[in-house]
Amino acid sequence: MGEEKAKGFRSGCGCGGIDVHCHVVPARFPLPPGGSALRGWPSMVATGDCHATVVIDEKPYRQVSDACWVAERRLEEMDRAGIELQAVSPMPELFGYWFEAGAANDLVRHVNDAIAALVAEGQGRFVGLGGLPMQDIDLAITELHRIAGELGFRGIEIGSNINGAAIGDARLHPFFAEVEKLGAAVFVHAVRPAGVDRLVGPAPLQQVLGYPTDVGLAAASVITGGLLQKFPKLRIAFSHGGGTFASLLPRLEQGYSAFPAVKDIMPEAPSALARRLYVDSLVFDADTLRRLVSVFGEERVLLGTDYPFNFREKEPVARIDEAFADTGLRQRLTFANARAFLALDEV
């Protein structure tokens, strides 16, 4: 892009894209608590060419570029893509839900501190969405207060399931009550999805097919579990366009009409409740993006890319422009909806 446009993004003009789906990986990880080996604990091995490999259980998990932790590299690529602001969150494998809660808390605090450092280096171009040790609600609430207060994050990122438990489960209501009270945004990202044993093919199919399936079930659990009725001010967004949920919704709507037991758990039709959710635009297809707007509403779709990983939307603004002719709608999807989701205009 031209230098004048890049200057405009850096000046905070409010007209560039806001990416709600992009991740951070720290340049290093601490040793596990006690210094002994802990199954699943990550480490980082530098490759010497601006890349490093995240290693888990002595096996390469993912090769990442230094854009995961270097602000200057991210800013250059944001300018090229027309992105003014990123809401940066942990790579999901760093949630640590599968560890003992104290160890998970150590890991997520380290990652959150790395996010805070990136935000501080980012010339006002980053806001934080922190991870939490969700397997322990008390510890999660403690870290929630730290990142909302001390670190100044705009919200949190949680998994599509917590060690197999649905996020709509009533056991999480005390946690969501605290989130609502603080006014924190919630971004739901797929993690360790159900049904991986049914996939036929190489390991990346977990991301390609398993992630959207799990996100769809997570969104459905929020609707059927009454989370939105219990916490009406909760702002919650789902990655990967809400996954399969837009396709599940007509069946849920029909089930609401056909089965009294389904209707009994929802005071409103599922289609109406769905329009209180946010979803990102990461669907790689203009027709699917238009479908999201028709299902969730013009004010509920947010730009998302999965930056800086290879399997991402590399031209997010162009994808929105391809899908929609209306200038006002483009602006809502590109930045205005995200400003509301992240409460960027609130003091």
# chains A, B, ... in the order shown; residues from 1 in each chain; ligands from 1

$ select_by_dssp --residues "region 127-235 of chain A" --states "strand (DSSP E)" --output "list in words"
Val127, Gly128, Leu129, Gly130, Gly155, Ile156, Glu157, Ile158, Gly159, Asn161, Ile162, Ala165, Ala166, Ala185, Val186, Phe187, Val188 and His189 of chain A

$ write_last_selection --atoms "all heavy atoms" --output "compact mmCIF listing (two decimals), in the first residue's frame"
# COMPACT_ATOMS: atom_id res chain seq x y z
N VAL A 127 -4.33 -4.62 20.81
CA VAL A 127 -4.99 -4.78 22.11
C VAL A 127 -4.93 -6.26 22.47
O VAL A 127 -4.83 -7.12 21.59
CB VAL A 127 -6.44 -4.28 22.10
CG1 VAL A 127 -6.49 -2.78 21.84
CG2 VAL A 127 -7.28 -5.03 21.08
N GLY A 128 -5.00 -6.55 23.76
CA GLY A 128 -4.81 -7.93 24.21
C GLY A 128 -6.11 -8.66 24.51
O GLY A 128 -7.07 -8.07 25.03
N LEU A 129 -6.12 -9.95 24.17
CA LEU A 129 -7.14 -10.90 24.60
C LEU A 129 -6.39 -12.04 25.27
O LEU A 129 -5.68 -12.81 24.61
CB LEU A 129 -7.95 -11.43 23.41
CG LEU A 129 -8.75 -10.41 22.59
CD1 LEU A 129 -9.42 -11.10 21.40
CD2 LEU A 129 -9.80 -9.71 23.44
N GLY A 130 -6.52 -12.18 26.58
CA GLY A 130 -5.67 -13.10 27.31
C GLY A 130 -6.24 -14.48 27.48
O GLY A 130 -7.45 -14.70 27.39
N GLY A 155 -10.20 -8.13 26.65
CA GLY A 155 -11.02 -9.31 26.82
C GLY A 155 -10.18 -10.56 26.94
O GLY A 155 -8.99 -10.51 27.28
N ILE A 156 -10.79 -11.69 26.61
CA ILE A 156 -10.16 -12.98 26.79
C ILE A 156 -10.42 -13.86 25.57
O ILE A 156 -11.33 -13.63 24.78
CB ILE A 156 -10.72 -13.71 28.04
CG1 ILE A 156 -12.25 -13.89 27.92
CG2 ILE A 156 -10.35 -12.95 29.30
CD1 ILE A 156 -12.86 -14.74 29.02
N GLU A 157 -9.57 -14.88 25.44
CA GLU A 157 -9.79 -15.95 24.47
C GLU A 157 -9.96 -17.25 25.26
O GLU A 157 -9.15 -17.55 26.14
CB GLU A 157 -8.61 -16.07 23.52
CG GLU A 157 -8.79 -17.17 22.48
CD GLU A 157 -7.53 -17.39 21.65
OE1 GLU A 157 -6.41 -17.38 22.22
OE2 GLU A 157 -7.66 -17.57 20.44
N ILE A 158 -11.03 -17.98 24.95
CA ILE A 158 -11.23 -19.28 25.59
C ILE A 158 -11.40 -20.34 24.50
O ILE A 158 -11.69 -20.03 23.34
CB ILE A 158 -12.43 -19.29 26.55
CG1 ILE A 158 -13.75 -19.08 25.78
CG2 ILE A 158 -12.26 -18.25 27.64
CD1 ILE A 158 -14.99 -19.28 26.65
N GLY A 159 -11.27 -21.60 24.90
CA GLY A 159 -11.40 -22.69 23.96
C GLY A 159 -12.85 -23.03 23.67
O GLY A 159 -13.76 -22.70 24.44
N ASN A 161 -14.02 -25.85 23.87
CA ASN A 161 -14.39 -26.77 24.94
C ASN A 161 -13.31 -26.69 26.01
O ASN A 161 -12.17 -26.30 25.73
CB ASN A 161 -14.55 -28.21 24.41
CG ASN A 161 -13.23 -28.81 23.97
OD1 ASN A 161 -12.51 -29.41 24.78
ND2 ASN A 161 -12.87 -28.66 22.70
N ILE A 162 -13.69 -27.04 27.21
CA ILE A 162 -12.73 -27.05 28.32
C ILE A 162 -12.53 -28.50 28.74
O ILE A 162 -13.33 -29.06 29.49
CB ILE A 162 -13.24 -26.21 29.52
CG1 ILE A 162 -13.80 -24.86 29.07
CG2 ILE A 162 -12.12 -26.06 30.55
CD1 ILE A 162 -12.81 -23.97 28.36
N ALA A 165 -15.67 -30.30 28.10
CA ALA A 165 -16.90 -29.69 28.61
C ALA A 165 -17.32 -28.53 27.71
O ALA A 165 -16.49 -27.71 27.30
CB ALA A 165 -16.69 -29.20 30.03
N ALA A 166 -18.61 -28.45 27.41
CA ALA A 166 -19.14 -27.38 26.57
C ALA A 166 -19.08 -26.04 27.29
O ALA A 166 -19.29 -25.96 28.51
CB ALA A 166 -20.59 -27.69 26.18
N ALA A 185 -14.66 -8.63 26.53
CA ALA A 185 -15.07 -9.39 25.34
C ALA A 185 -14.55 -10.82 25.44
O ALA A 185 -13.50 -11.08 26.04
CB ALA A 185 -14.52 -8.72 24.08
N VAL A 186 -15.28 -11.76 24.86
CA VAL A 186 -14.90 -13.18 24.87
C VAL A 186 -14.78 -13.65 23.43
O VAL A 186 -15.73 -13.57 22.65
CB VAL A 186 -15.95 -14.05 25.59
CG1 VAL A 186 -15.51 -15.52 25.60
CG2 VAL A 186 -16.21 -13.55 27.00
N PHE A 187 -13.60 -14.15 23.07
CA PHE A 187 -13.37 -14.71 21.75
C PHE A 187 -13.16 -16.21 21.91
O PHE A 187 -12.27 -16.65 22.65
CB PHE A 187 -12.15 -14.08 21.09
CG PHE A 187 -11.92 -14.52 19.67
CD1 PHE A 187 -12.80 -14.16 18.66
CD2 PHE A 187 -10.82 -15.31 19.33
CE1 PHE A 187 -12.61 -14.57 17.36
CE2 PHE A 187 -10.62 -15.72 18.04
CZ PHE A 187 -11.51 -15.35 17.03
N VAL A 188 -14.01 -17.00 21.25
CA VAL A 188 -13.98 -18.45 21.38
C VAL A 188 -13.23 -19.05 20.20
O VAL A 188 -13.63 -18.86 19.04
CB VAL A 188 -15.41 -19.03 21.46
CG1 VAL A 188 -15.35 -20.56 21.60
CG2 VAL A 188 -16.19 -18.41 22.61
N HIS A 189 -12.17 -19.78 20.49
CA HIS A 189 -11.35 -20.39 19.44
C HIS A 189 -11.37 -21.90 19.59
O HIS A 189 -11.36 -22.44 20.70
CB HIS A 189 -9.91 -19.89 19.52
CG HIS A 189 -9.11 -20.20 18.29
ND1 HIS A 189 -8.68 -21.48 17.98
CD2 HIS A 189 -8.67 -19.39 17.29
CE1 HIS A 189 -8.01 -21.44 16.84
NE2 HIS A 189 -8.00 -20.19 16.40

$ residues_around --residues "Val196 (chain A)" --least-positions-apart "2" --cutoff "9 Å" --atoms "only C-alpha atoms" --output "ChimeraX atom specification"
/A:192-194,198-200,205-206,209-210

$ closest_residue --among "A:Thr142, A:Gln254, A:Thr327, A:Thr305" --to "Ile18 (chain A)" --atoms "only C-alpha atoms"
A:Thr305

$ atom_distance --atom1 "CA of Val108 (chain A)" --atom2 "CA of Leu94 (chain A)"
7.1 Å

$ residues_around --residues "Lys59 (chain A)" --least-positions-apart "6" --cutoff "12 Å" --atoms "only C-alpha atoms" --output "JSON, numbers by chain"
{"A": [39, 40, 41, 42, 43, 44, 45, 53]}

$ residues_around --residues "Asp49 (chain A)" --least-positions-apart "6" --cutoff "12 Å" --atoms "only C-alpha atoms" --output "list in words"
Gln63, Val64, Ser65 and Asp66 of chain A

$ select_by_dssp --residues "region 136-252 of chain A" --states "helix (DSSP H, G or I)" --output "PyMOL selection string"
chain A and resi 137-149+170-182+196-198+205-224+227-230+240-242+245-252

$ residues_around --residues "Met266 (chain A)" --least-positions-apart "5" --cutoff "8 Å" --atoms "only C-alpha atoms" --output "list in words"
Ile223, Thr224 and Gly226 of chain A

$ write_last_selection --atoms "all heavy atoms" --output "tab-separated table (two decimals), in the first residue's frame"
chain	number	residue	atom	x	y	z
A	223	ILE	N	-26.39	-21.24	22.97
A	223	ILE	CA	-27.82	-21.03	22.71
A	223	ILE	C	-28.67	-21.96	23.57
A	223	ILE	O	-29.61	-21.53	24.26
A	223	ILE	CB	-28.13	-21.25	21.22
A	223	ILE	CG1	-27.36	-20.26	20.34
A	223	ILE	CG2	-29.63	-21.17	20.96
A	223	ILE	CD1	-27.76	-18.82	20.49
A	224	THR	N	-28.36	-23.25	23.53
A	224	THR	CA	-29.21	-24.22	24.23
A	224	THR	C	-28.98	-24.22	25.74
A	224	THR	O	-29.85	-24.66	26.50
A	224	THR	CB	-28.97	-25.65	23.69
A	224	THR	OG1	-27.60	-26.03	23.90
A	224	THR	CG2	-29.29	-25.72	22.20
A	226	GLY	N	-28.63	-21.50	27.58
A	226	GLY	CA	-29.21	-20.31	28.20
A	226	GLY	C	-28.22	-19.26	28.64
A	226	GLY	O	-28.55	-18.38	29.45

$ atom_distance --atom1 "CA of Tyr307 (chain A)" --atom2 "CA of Leu227 (chain A)"
29.3 Å

$ residues_around --residues "Gly242 (chain A)" --least-positions-apart "3" --cutoff "12 Å" --atoms "only C-alpha atoms" --output "PyMOL selection string"
chain A and resi 160+187-190+211-220+222+236-239+245-249+274-275+277-283+288-289+291-293+295-296+300-302+304

$ residues_around --residues "Asp306 (chain A)" --least-positions-apart "3" --cutoff "8 Å" --atoms "only C-alpha atoms" --output "ChimeraX atom specification"
/A:21-23,282,309,311-313

$ write_last_selection --atoms "C-alpha atoms" --output "compact mmCIF listing (two decimals), in the first residue's frame"
# COMPACT_ATOMS: atom_id res chain seq x y z
CA HIS A 21 -8.47 -13.22 15.23
CA CYS A 22 -4.68 -13.21 15.39
CA HIS A 23 -2.28 -14.98 17.66
CA LEU A 282 -12.61 -16.33 8.46
CA PHE A 309 -0.05 -18.59 10.62
CA PHE A 311 -3.46 -21.19 7.05
CA ARG A 312 -5.01 -17.73 7.20
CA GLU A 313 -6.96 -15.12 5.27

$ closest_residue --among "A:Ile265, A:Val24, A:Leu144, A:Met78" --to "Ser221 (chain A)" --atoms "only C-alpha atoms"
A:Ile265

$ atom_distance --atom1 "CA of Asp113 (chain A)" --atom2 "CA of Ala336 (chain A)"
27.9 Å

$ closest_residue --among "A:Pro174, A:Gly122, A:Gly164, A:Gly225" --to "Ala140 (chain A)" --atoms "only C-alpha atoms"
A:Pro174
